[in-house]
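A.B. asks: One file: start14.cif (mmCIF, C-alpha atoms).
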data_run
loop_
_atom_site.group_PDB
_atom_site.id
_atom_site.type_symbol
_atom_site.label_atom_id
_atom_site.label_comp_id
_atom_site.auth_asym_id
_atom_site.auth_seq_id
_atom_site.Cartn_x
_atom_site.Cartn_y
_atom_site.Cartn_z
ATOM 1 C CA MET A 1 0.000 0.000 0.000
ATOM 2 C CA THR A 2 2.755 2.476 0.903
ATOM 3 C CA ASN A 3 4.283 2.178 -2.604
ATOM 4 C CA ARG A 4 1.245 3.782 -4.214
ATOM 5 C CA VAL A 5 1.470 7.412 -5.320
ATOM 6 C CA VAL A 6 -1.771 9.117 -4.306
ATOM 7 C CA ALA A 7 -2.817 12.486 -5.715
ATOM 8 C CA TYR A 8 -4.722 15.004 -3.605
ATOM 9 C CA GLN A 9 -5.710 18.652 -3.897
ATOM 10 C CA GLY A 10 -4.069 21.108 -1.543
ATOM 11 C CA GLU A 11 -0.933 21.642 0.472
ATOM 12 C CA PRO A 12 0.734 19.204 2.897
ATOM 13 C CA GLY A 13 -1.321 19.226 6.066
ATOM 14 C CA ALA A 14 -4.660 19.449 4.240
ATOM 15 C CA TYR A 15 -7.436 17.101 5.312
ATOM 16 C CA SER A 16 -7.164 15.546 1.843
ATOM 17 C CA GLU A 17 -3.531 14.669 2.590
ATOM 18 C CA ILE A 18 -4.649 12.945 5.795
ATOM 19 C CA ALA A 19 -6.979 10.815 3.652
ATOM 20 C CA ALA A 20 -4.256 10.173 1.057
ATOM 21 C CA LEU A 21 -1.841 8.879 3.713
ATOM 22 C CA ARG A 22 -4.224 5.951 4.297
ATOM 23 C CA PHE A 23 -3.639 4.740 0.747
ATOM 24 C CA GLY A 24 0.007 5.461 0.017
ATOM 25 C CA THR A 25 2.454 8.297 -0.572
ATOM 26 C CA PRO A 26 0.627 11.627 -1.062
ATOM 27 C CA GLN A 27 1.397 13.881 -4.029
ATOM 28 C CA PRO A 28 -0.143 17.374 -3.930
ATOM 29 C CA PHE A 29 -1.882 19.097 -6.856
ATOM 30 C CA GLU A 30 -3.259 22.618 -7.068
ATOM 31 C CA SER A 31 -6.731 21.635 -8.275
ATOM 32 C CA PHE A 32 -9.143 18.712 -8.371
ATOM 33 C CA ASP A 33 -9.008 18.866 -12.171
ATOM 34 C CA GLU A 34 -5.247 18.290 -12.089
ATOM 35 C CA ALA A 35 -5.617 15.376 -9.660
ATOM 36 C CA PHE A 36 -8.185 13.716 -11.940
ATOM 37 C CA ALA A 37 -5.962 14.323 -14.976
ATOM 38 C CA ALA A 38 -3.037 12.636 -13.205
ATOM 39 C CA VAL A 39 -5.178 9.529 -12.622
ATOM 40 C CA GLU A 40 -6.363 9.554 -16.239
ATOM 41 C CA GLN A 41 -2.780 9.872 -17.516
ATOM 42 C CA GLN A 42 -1.687 7.228 -14.960
ATOM 43 C CA THR A 43 1.163 9.364 -13.646
ATOM 44 C CA VAL A 44 -0.203 8.482 -10.183
ATOM 45 C CA ASP A 45 -1.740 5.245 -8.945
ATOM 46 C CA MET A 46 -4.838 6.855 -7.511
ATOM 47 C CA ALA A 47 -6.289 10.060 -6.089
ATOM 48 C CA VAL A 48 -8.384 10.901 -3.056
ATOM 49 C CA ILE A 49 -11.127 13.444 -3.608
ATOM 50 C CA PRO A 50 -13.583 14.897 -1.084
ATOM 51 C CA ILE A 51 -17.095 14.097 -2.233
ATOM 52 C CA GLU A 52 -19.316 15.046 0.697
ATOM 53 C CA ASN A 53 -19.129 16.885 4.010
ATOM 54 C CA SER A 54 -21.527 16.229 6.882
ATOM 55 C CA LEU A 55 -22.128 19.983 7.280
ATOM 56 C CA GLY A 56 -21.503 21.443 3.835
ATOM 57 C CA GLY A 57 -23.072 18.692 1.715
ATOM 58 C CA SER A 58 -21.842 17.358 -1.624
ATOM 59 C CA ILE A 59 -18.833 18.715 -3.509
ATOM 60 C CA HIS A 60 -20.621 19.023 -6.831
ATOM 61 C CA HIS A 61 -17.598 19.777 -8.989
ATOM 62 C CA ASN A 62 -16.051 16.435 -8.073
ATOM 63 C CA TYR A 63 -19.268 14.607 -8.954
ATOM 64 C CA ASP A 64 -19.051 16.242 -12.390
ATOM 65 C CA LEU A 65 -15.412 15.173 -12.760
ATOM 66 C CA LEU A 66 -16.322 11.541 -11.996
ATOM 67 C CA ILE A 67 -18.393 11.536 -15.179
ATOM 68 C CA GLN A 68 -15.894 13.392 -17.325
ATOM 69 C CA HIS A 69 -12.880 11.157 -16.634
ATOM 70 C CA PRO A 70 -12.266 7.404 -17.160
ATOM 71 C CA VAL A 71 -12.006 6.597 -13.455
ATOM 72 C CA THR A 72 -13.570 4.179 -11.013
ATOM 73 C CA ILE A 73 -14.120 4.426 -7.267
ATOM 74 C CA ALA A 74 -11.858 1.923 -5.503
ATOM 75 C CA ALA A 75 -12.654 2.759 -1.871
ATOM 76 C CA GLU A 76 -14.099 5.395 0.421
ATOM 77 C CA THR A 77 -12.765 6.801 3.658
ATOM 78 C CA PHE A 78 -13.950 9.321 6.245
ATOM 79 C CA VAL A 79 -11.852 12.039 7.899
ATOM 80 C CA LYS A 80 -13.033 13.923 10.993
ATOM 81 C CA VAL A 81 -12.438 17.614 10.425
ATOM 82 C CA GLU A 82 -10.929 19.139 13.572
ATOM 83 C CA HIS A 83 -10.249 22.825 12.993
ATOM 84 C CA CYS A 84 -7.466 24.405 15.059
ATOM 85 C CA LEU A 85 -6.499 28.041 15.409
ATOM 86 C CA LEU A 86 -2.820 28.266 14.468
ATOM 87 C CA GLY A 87 -0.288 31.056 14.880
ATOM 88 C CA LEU A 88 3.387 31.812 15.023
ATOM 89 C CA PRO A 89 5.094 31.665 18.434
ATOM 90 C CA GLY A 90 3.979 34.781 20.303
ATOM 91 C CA ALA A 91 0.654 35.070 18.474
ATOM 92 C CA SER A 92 -2.574 35.434 20.459
ATOM 93 C CA ALA A 93 -6.290 35.019 19.736
ATOM 94 C CA ASP A 94 -6.977 37.927 22.125
ATOM 95 C CA LEU A 95 -5.254 40.579 19.962
ATOM 96 C CA PRO A 96 -6.636 42.204 16.800
ATOM 97 C CA GLY A 97 -5.664 40.436 13.614
ATOM 98 C CA ARG A 98 -6.823 38.424 10.634
ATOM 99 C CA VAL A 99 -7.598 34.729 10.336
ATOM 100 C CA LEU A 100 -6.954 32.975 7.042
ATOM 101 C CA SER A 101 -8.630 29.775 5.870
ATOM 102 C CA HIS A 102 -10.709 28.125 3.177
ATOM 103 C CA PRO A 103 -14.164 29.781 2.950
ATOM 104 C CA GLN A 104 -15.930 26.597 4.041
ATOM 105 C CA ALA A 105 -13.737 26.330 7.150
ATOM 106 C CA LEU A 106 -14.395 29.978 8.003
ATOM 107 C CA ALA A 107 -18.142 29.400 7.629
ATOM 108 C CA GLN A 108 -17.948 26.404 9.962
ATOM 109 C CA CYS A 109 -16.415 28.560 12.732
ATOM 110 C CA ARG A 110 -18.933 31.428 12.925
ATOM 111 C CA ASN A 111 -19.383 31.107 16.678
ATOM 112 C CA PHE A 112 -15.640 31.588 17.211
ATOM 113 C CA PHE A 113 -15.643 34.825 15.201
ATOM 114 C CA ALA A 114 -18.769 36.030 17.021
ATOM 115 C CA THR A 115 -16.909 35.757 20.334
ATOM 116 C CA HIS A 116 -13.670 37.249 18.926
ATOM 117 C CA PRO A 117 -14.811 40.428 17.109
ATOM 118 C CA ALA A 118 -11.266 41.779 16.858
ATOM 119 C CA LEU A 119 -10.337 38.902 14.550
ATOM 120 C CA LYS A 120 -11.370 39.287 10.905
ATOM 121 C CA ALA A 121 -11.894 36.300 8.633
ATOM 122 C CA GLU A 122 -9.903 36.319 5.396
ATOM 123 C CA VAL A 123 -10.409 33.818 2.582
ATOM 124 C CA ALA A 124 -7.456 31.670 1.465
ATOM 125 C CA TYR A 125 -7.344 28.931 -1.178
ATOM 126 C CA ASP A 126 -6.859 26.065 1.271
ATOM 127 C CA THR A 127 -6.796 25.315 5.003
ATOM 128 C CA ALA A 128 -3.229 24.007 4.998
ATOM 129 C CA GLY A 129 -2.304 26.695 2.481
ATOM 130 C CA SER A 130 -3.362 29.362 4.973
ATOM 131 C CA ALA A 131 -1.022 27.828 7.564
ATOM 132 C CA LYS A 132 1.797 27.873 5.008
ATOM 133 C CA ILE A 133 1.105 31.534 4.166
ATOM 134 C CA ILE A 134 1.309 32.811 7.730
ATOM 135 C CA ALA A 135 4.361 30.673 8.486
ATOM 136 C CA GLU A 136 6.190 32.227 5.529
ATOM 137 C CA ALA A 137 4.961 35.773 6.234
ATOM 138 C CA GLY A 138 6.248 35.859 9.826
ATOM 139 C CA ASP A 139 3.410 38.141 10.969
ATOM 140 C CA THR A 140 2.194 37.270 14.472
ATOM 141 C CA SER A 141 -1.074 39.168 13.905
ATOM 142 C CA ALA A 142 -2.032 36.715 11.141
ATOM 143 C CA LEU A 143 -3.603 33.407 12.217
ATOM 144 C CA ALA A 144 -4.915 30.390 10.353
ATOM 145 C CA ILE A 145 -7.639 27.800 10.757
ATOM 146 C CA ALA A 146 -6.336 24.403 9.685
ATOM 147 C CA SER A 147 -5.573 20.903 10.934
ATOM 148 C CA LYS A 148 -3.277 20.003 13.806
ATOM 149 C CA ARG A 149 -1.024 18.295 11.236
ATOM 150 C CA ALA A 150 -0.700 21.558 9.285
ATOM 151 C CA GLY A 151 0.450 23.313 12.452
ATOM 152 C CA GLU A 152 3.070 20.646 13.061
ATOM 153 C CA LEU A 153 4.323 20.752 9.455
ATOM 154 C CA TYR A 154 4.694 24.547 9.365
ATOM 155 C CA GLY A 155 5.984 25.092 12.895
ATOM 156 C CA LEU A 156 2.915 26.885 14.224
ATOM 157 C CA ASP A 157 1.473 26.877 17.723
ATOM 158 C CA ILE A 158 -2.036 25.594 18.373
ATOM 159 C CA LEU A 159 -3.816 28.503 20.050
ATOM 160 C CA GLN A 160 -7.199 26.805 20.271
ATOM 161 C CA LYS A 161 -8.686 23.437 19.301
ATOM 162 C CA ASN A 162 -12.201 22.408 18.231
ATOM 163 C CA LEU A 163 -13.150 25.701 16.606
ATOM 164 C CA ALA A 164 -16.043 24.351 14.529
ATOM 165 C CA ASP A 165 -19.602 25.218 15.540
ATOM 166 C CA GLU A 166 -20.686 21.576 15.240
ATOM 167 C CA GLU A 167 -18.844 18.614 16.724
ATOM 168 C CA TRP A 168 -19.676 16.167 13.933
ATOM 169 C CA ASN A 169 -17.795 17.615 10.997
ATOM 170 C CA ILE A 170 -16.777 14.691 8.811
ATOM 171 C CA THR A 171 -15.671 14.608 5.186
ATOM 172 C CA ARG A 172 -16.237 11.592 2.972
ATOM 173 C CA PHE A 173 -13.521 10.886 0.408
ATOM 174 C CA PHE A 174 -13.447 8.657 -2.657
ATOM 175 C CA ALA A 175 -10.214 6.929 -3.648
ATOM 176 C CA ILE A 176 -10.291 6.736 -7.441
ATOM 177 C CA THR A 177 -8.172 4.848 -9.961
ATOM 178 C CA HIS A 178 -8.069 4.629 -13.751
ATOM 179 C CA LYS A 179 -10.919 2.451 -15.006
ATOM 180 C CA ASP A 180 -8.428 0.093 -16.689
ATOM 181 C CA ARG A 181 -6.389 -0.362 -13.514
ATOM 182 C CA GLN A 182 -7.427 -3.192 -11.226
ATOM 183 C CA PRO A 183 -8.134 -1.658 -7.788
ATOM 184 C CA ASP A 184 -5.851 -3.224 -5.165
ATOM 185 C CA THR A 185 -7.435 -1.723 -2.069
ATOM 186 C CA ALA A 186 -8.318 -4.387 0.475
ATOM 187 C CA THR A 187 -11.844 -3.531 1.637
ATOM 188 C CA PRO A 188 -13.372 -6.445 3.544
ATOM 189 C CA GLY A 189 -17.022 -6.453 4.494
ATOM 190 C CA LEU A 190 -20.074 -4.969 2.819
ATOM 191 C CA LYS A 191 -19.640 -3.105 -0.439
ATOM 192 C CA LYS A 192 -21.373 0.021 -1.664
ATOM 193 C CA THR A 193 -21.988 0.946 -5.308
ATOM 194 C CA SER A 194 -22.347 4.419 -6.823
ATOM 195 C CA ILE A 195 -24.043 5.060 -10.153
ATOM 196 C CA VAL A 196 -25.236 8.064 -12.157
ATOM 197 C CA PHE A 197 -28.044 8.056 -14.692
ATOM 198 C CA THR A 198 -30.399 10.241 -16.685
ATOM 199 C CA LEU A 199 -34.116 9.653 -17.165
ATOM 200 C CA PRO A 200 -36.619 10.472 -19.879
ATOM 201 C CA ASN A 201 -38.763 13.489 -19.042
ATOM 202 C CA GLU A 202 -41.865 11.379 -18.516
ATOM 203 C CA GLN A 203 -44.374 11.082 -15.712
ATOM 204 C CA GLY A 204 -43.304 8.479 -13.133
ATOM 205 C CA SER A 205 -39.822 7.873 -14.567
ATOM 206 C CA LEU A 206 -38.028 8.468 -11.232
ATOM 207 C CA PHE A 207 -40.484 6.189 -9.428
ATOM 208 C CA LYS A 208 -39.800 3.537 -12.063
ATOM 209 C CA ALA A 209 -36.035 3.943 -11.646
ATOM 210 C CA LEU A 210 -36.160 3.592 -7.866
ATOM 211 C CA ALA A 211 -38.481 0.612 -8.173
ATOM 212 C CA THR A 212 -35.746 -1.368 -9.963
ATOM 213 C CA PHE A 213 -33.882 -1.347 -6.635
ATOM 214 C CA ALA A 214 -36.849 -1.549 -4.277
ATOM 215 C CA LEU A 215 -38.220 -4.670 -5.989
ATOM 216 C CA ARG A 216 -34.907 -6.405 -5.281
ATOM 217 C CA SER A 217 -34.660 -5.169 -1.651
ATOM 218 C CA ILE A 218 -31.510 -3.167 -2.412
ATOM 219 C CA ASP A 219 -30.762 -0.605 0.294
ATOM 220 C CA LEU A 220 -30.436 2.914 -1.159
ATOM 221 C CA ARG A 221 -28.135 5.139 0.906
ATOM 222 C CA LYS A 222 -28.209 8.378 -1.080
ATOM 223 C CA ILE A 223 -29.942 9.948 -4.053
ATOM 224 C CA GLU A 224 -29.134 13.404 -5.379
ATOM 225 C CA SER A 225 -30.008 15.235 -8.572
ATOM 226 C CA ARG A 226 -27.739 17.626 -10.463
ATOM 227 C CA PRO A 227 -28.422 19.748 -13.558
ATOM 228 C CA PHE A 228 -27.360 17.957 -16.752
ATOM 229 C CA ARG A 229 -25.079 20.440 -18.478
ATOM 230 C CA LYS A 230 -25.748 19.045 -21.950
ATOM 231 C CA LYS A 231 -29.493 19.784 -21.798
ATOM 232 C CA ALA A 232 -31.330 22.632 -20.083
ATOM 233 C CA PHE A 233 -33.605 21.650 -17.206
ATOM 234 C CA GLU A 234 -32.751 17.978 -17.389
ATOM 235 C CA TYR A 235 -30.999 16.217 -14.548
ATOM 236 C CA LEU A 236 -28.416 13.655 -13.582
ATOM 237 C CA PHE A 237 -29.312 11.350 -10.702
ATOM 238 C CA TYR A 238 -26.525 10.109 -8.440
ATOM 239 C CA VAL A 239 -27.397 7.075 -6.325
ATOM 240 C CA ASP A 240 -25.414 5.162 -3.681
ATOM 241 C CA PHE A 241 -26.705 1.750 -2.625
ATOM 242 C CA MET A 242 -25.471 -1.243 -0.673
ATOM 243 C CA GLY A 243 -24.228 -4.115 -2.806
ATOM 244 C CA ASP A 244 -21.571 -5.083 -5.333
ATOM 245 C CA MET A 245 -21.916 -5.125 -9.111
ATOM 246 C CA ASP A 246 -20.658 -8.720 -8.937
ATOM 247 C CA GLU A 247 -23.876 -9.683 -7.130
ATOM 248 C CA GLU A 248 -26.597 -11.017 -9.414
ATOM 249 C CA ASN A 249 -29.471 -8.975 -7.993
ATOM 250 C CA VAL A 250 -27.442 -5.759 -8.186
ATOM 251 C CA ALA A 251 -26.415 -6.414 -11.791
ATOM 252 C CA ASN A 252 -30.035 -7.237 -12.655
ATOM 253 C CA ALA A 253 -31.254 -3.974 -11.092
ATOM 254 C CA VAL A 254 -28.762 -1.882 -13.068
ATOM 255 C CA ASN A 255 -29.527 -3.764 -16.299
ATOM 256 C CA HIS A 256 -33.249 -3.198 -15.689
ATOM 257 C CA LEU A 257 -32.538 0.534 -15.244
ATOM 258 C CA ARG A 258 -30.604 0.564 -18.522
ATOM 259 C CA GLU A 259 -33.738 -0.623 -20.361
ATOM 260 C CA PHE A 260 -35.352 2.808 -20.055
ATOM 261 C CA ALA A 261 -32.648 5.220 -18.792
ATOM 262 C CA PRO A 262 -30.871 7.007 -21.676
ATOM 263 C CA MET A 263 -27.556 6.951 -19.766
ATOM 264 C CA VAL A 264 -26.316 4.813 -16.882
ATOM 265 C CA LYS A 265 -22.721 4.911 -15.631
ATOM 266 C CA VAL A 266 -21.424 2.721 -12.812
ATOM 267 C CA LEU A 267 -18.933 4.831 -10.863
ATOM 268 C CA GLY A 268 -17.650 1.889 -8.808
ATOM 269 C CA SER A 269 -18.271 -0.777 -6.187
ATOM 270 C CA TYR A 270 -16.109 -0.240 -3.108
ATOM 271 C CA GLY A 271 -15.604 -0.712 0.601
ATOM 272 C CA ILE A 272 -14.380 1.486 3.446
ATOM 273 C CA ILE A 273 -10.736 2.121 4.390
ATOM 274 C CA GLU A 274 -10.303 3.444 7.928
#
Could you spell out this file's structure in structure tokens?
C.D. replies:
Amino acid sequence: MTNRVVAYQGEPGAYSEIAALRFGTPQPFESFDEAFAAVEQQTVDMAVIPIENSLGGSIHHNYDLLIQHPVTIAAETFVKVEHCLLGLPGASADLPGRVLSHPQALAQCRNFFATHPALKAEVAYDTAGSAKIIAEAGDTSALAIASKRAGELYGLDILQKNLADEEWNITRFFAITHKDRQPDTATPGLKKTSIVFTLPNEQGSLFKALATFALRSIDLRKIESRPFRKKAFEYLFYVDFMGDMDEENVANAVNHLREFAPMVKVLGSYGIIE
């Protein structure tokens, strides 16, 4: 496992890097698009991409990229997001200053800013990137919200832990590989499958689609619609359900769906890596 090269978006210390470390040797990229391209070109073995956050919801751009690239989901993993307030030695949360972080992280720490009015939130491109910025700037009035690992990597002090408004802040990640590469992630136990499909704009078509799974007692875990960019006011449906495409009833359900759905793409059958 440790010989794999695993792409992720962000700087060392990002929550995505924490996920990548579970699969191999992390390699950072500036954008999700570049991480997907590296998997497609097979310059890396796999990539980890955040797909859903328990507070912020789905990361829609990454769902779009799953369709656009020849990749398959090999595994999923969950990372608990534990925001820390970081600063250079001598910095203080009680003095006026600015706090850098990703906009989603800043939004998840509103209560902290409400009780520290002298500190002003400032958007940065990445949580770990904000830690890197203040470490390089050497300004003790600039703070960052990022992971404990980011503080350790960039030599910053942890001024406060557990900044998030909600305790249960968890991000779900997919580990993806090229569709022609045999996934080698050991995921014992129950499998989950993710698919995406379109439906004809006809009365009852969604009910009919869901019935293909209900009639076979397949446990649906998530369904979400997204605008279909190729046609105005038509939609893609993303569905997660328990089961493996190697199982007969699962394969039959998907084949039944294909009989009337204009497009069906299996994104992968996978287990959990902890």
A.B. asks: Can you work out which one of A:Arg216, A:Lys265, A:His102, A:Arg22 has the shortest atom-to-atom distance to Ala75 of chain A, counting only C-alpha atoms?
C.D. replies: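 For Ala75 of chain A, the nearest of the given residues is A:Arg22.
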A.B. asks: Give as JSON, numbers by chain the residues that the PyMOL selection byres ((chain A and resi 244) around 10) matches when applied to the coordinates above.
C.D. replies: {"A": [190, 191, 192, 193, 194, 241, 242, 243, 245, 246, 247, 248, 249, 250, 251, 268, 269, 270, 271]}
A.B. asks: Calculated over all atoms listed in the file, which of the candidates A:Thr77, A:Ile273, A:Glu202, A:Ala91 has the smallest distance to Gly189 of chain A?
C.D. replies: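 Of A:Thr77, A:Ile273, A:Glu202, A:Ala91, the one nearest Gly189 of chain A is A:Ile273, counting all atoms listed in the file.
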A.B. asks: Using only C-alpha atoms, find the one residue out of A:Ile134, A:Cys84, A:Val239, A:Met46 that sits nearest to Gln108 of chain A.
C.D. replies: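 Closest candidate: A:Cys84.
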A.B. asks: Which residue out of A:Ser92, A:Asn201, A:Asn162, A:Gln104 has the minimum interatomic distance to Leu55 of chain A when all atoms listed in the file are used?
C.D. replies: A:Gln104
A.B. asks: Contacts of Leu199 of chain A at 9 Å or less, counting only C-alpha atoms, minus same-chain residues fewer than 5 places along, as an mmCIF file with C-alpha atoms, in the coordinates of the input?
C.D. replies:
data_model
loop_
_atom_site.group_PDB
_atom_site.id
_atom_site.type_symbol
_atom_site.label_atom_id
_atom_site.label_comp_id
_atom_site.auth_asym_id
_atom_site.auth_seq_id
_atom_site.Cartn_x
_atom_site.Cartn_y
_atom_site.Cartn_z
ATOM 1 C CA SER A 205 -39.822 7.873 -14.567
ATOM 2 C CA LEU A 206 -38.028 8.468 -11.232
ATOM 3 C CA ALA A 209 -36.035 3.943 -11.646
ATOM 4 C CA GLU A 234 -32.751 17.978 -17.389
ATOM 5 C CA TYR A 235 -30.999 16.217 -14.548
ATOM 6 C CA LEU A 236 -28.416 13.655 -13.582
ATOM 7 C CA PHE A 237 -29.312 11.350 -10.702
ATOM 8 C CA PHE A 260 -35.352 2.808 -20.055
ATOM 9 C CA ALA A 261 -32.648 5.220 -18.792
ATOM 10 C CA PRO A 262 -30.871 7.007 -21.676
ATOM 11 C CA MET A 263 -27.556 6.951 -19.766
#
A.B. asks: Would you work out the distance separating atom CA of Tyr63 of chain A from atom CA of Ser147 of chain A, expressed in Å to one decimal?
C.D. replies: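 Spanning atom CA of Tyr63 of chain A to atom CA of Ser147 of chain A is a straight-line distance of 25.0 Å.
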A.B. asks: Point out the residue among A:Pro200, A:Pro96, A:Pro50, A:Pro103 with the least atom-to-atom distance to Phe173 of chain A, counting all atoms listed in the file.
C.D. replies: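 Using all atoms listed in the file, the shortest distance to Phe173 of chain A belongs to A:Pro50.
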A.B. asks: Written as a PyMOL selection string, what is the full residue list that the PyMOL selection byres ((chain A and resi 61) around 12) yields on the file shown?
C.D. replies: chain A and resi 31-33+36+49-52+58-60+62-68+226-227
A.B. asks: Could you tell me how far atom CA of Asn53 of chain A lies from atom CA of Arg229 of chain A, in Å and to one decimal?
C.D. replies: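 The value is 23.5 Å.
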A.B. asks: Give as a PDB file with C-alpha atoms, in the frame of the given file the residues that the PyMOL selection byres ((chain A and resi 168) around 10) matches when applied to the coordinates above.
C.D. replies:
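What ended up in result.pdb:
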ATOM      1  CA  ASN A  53     -19.129  16.885   4.010  1.00  0.00           C
ATOM      2  CA  SER A  54     -21.527  16.229   6.882  1.00  0.00           C
ATOM      3  CA  LEU A  55     -22.128  19.983   7.280  1.00  0.00           C
ATOM      4  CA  LYS A  80     -13.033  13.923  10.993  1.00  0.00           C
ATOM      5  CA  VAL A  81     -12.438  17.614  10.425  1.00  0.00           C
ATOM      6  CA  GLU A  82     -10.929  19.139  13.572  1.00  0.00           C
ATOM      7  CA  ALA A 164     -16.043  24.351  14.529  1.00  0.00           C
ATOM      8  CA  ASP A 165     -19.602  25.218  15.540  1.00  0.00           C
ATOM      9  CA  GLU A 166     -20.686  21.576  15.240  1.00  0.00           C
ATOM     10  CA  GLU A 167     -18.844  18.614  16.724  1.00  0.00           C
ATOM     11  CA  ASN A 169     -17.795  17.615  10.997  1.00  0.00           C
ATOM     12  CA  ILE A 170     -16.777  14.691   8.811  1.00  0.00           C
ATOM     13  CA  THR A 171     -15.671  14.608   5.186  1.00  0.00           C
TER      14      THR A 171
END
A.B. asks: Could you tell me how far atom CA of Thr43 of chain A sits from atom CA of Ala124 of chain A, in Å to one decimal place?
C.D. replies: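 Spanning atom CA of Ala124 of chain A to atom CA of Thr43 of chain A is a straight-line distance of 28.3 Å.
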A.B. asks: I'd like to know which of A:Ile176, A:Ala74, A:Leu215, A:Ile195 is closest to Val48 of chain A, using all atoms listed in the file.
C.D. replies: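 Among the listed residues, A:Ile176 lies closest to Val48 of chain A.
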A.B. asks: Show which residues sit within 10 Å of Glu274 of chain A, as a ChimeraX atom specification. Count all atoms listed in the file, and ignore same-chain residues fewer than 4 positions away.
C.D. replies: /A:19,22-23,76-79,187
A.B. asks: Save out the residues we just selected, C-alpha atoms, as a short mmCIF file (atom, residue, chain, number, x, y, z; two decimals), in the coordinates of the input.
C.D. replies:
data_model
loop_
_atom_site.label_atom_id
_atom_site.label_comp_id
_atom_site.auth_asym_id
_atom_site.auth_seq_id
_atom_site.Cartn_x
_atom_site.Cartn_y
_atom_site.Cartn_z
CA ALA A 19 -6.98 10.82 3.65
CA ARG A 22 -4.22 5.95 4.30
CA PHE A 23 -3.64 4.74 0.75
CA GLU A 76 -14.10 5.40 0.42
CA THR A 77 -12.76 6.80 3.66
CA PHE A 78 -13.95 9.32 6.24
CA VAL A 79 -11.85 12.04 7.90
CA THR A 187 -11.84 -3.53 1.64
#
A.B. asks: What are the centre and edge lengths in Å, to one decimal, of the axis-aligned box around all listed atoms of segment 64-71 of chain A with 6 Å added on each side, as JSON?
C.D. replies:
{"center_x": -15.5, "center_y": 11.4, "center_z": -14.7, "size_x": 19.0, "size_y": 21.6, "size_z": 17.3}
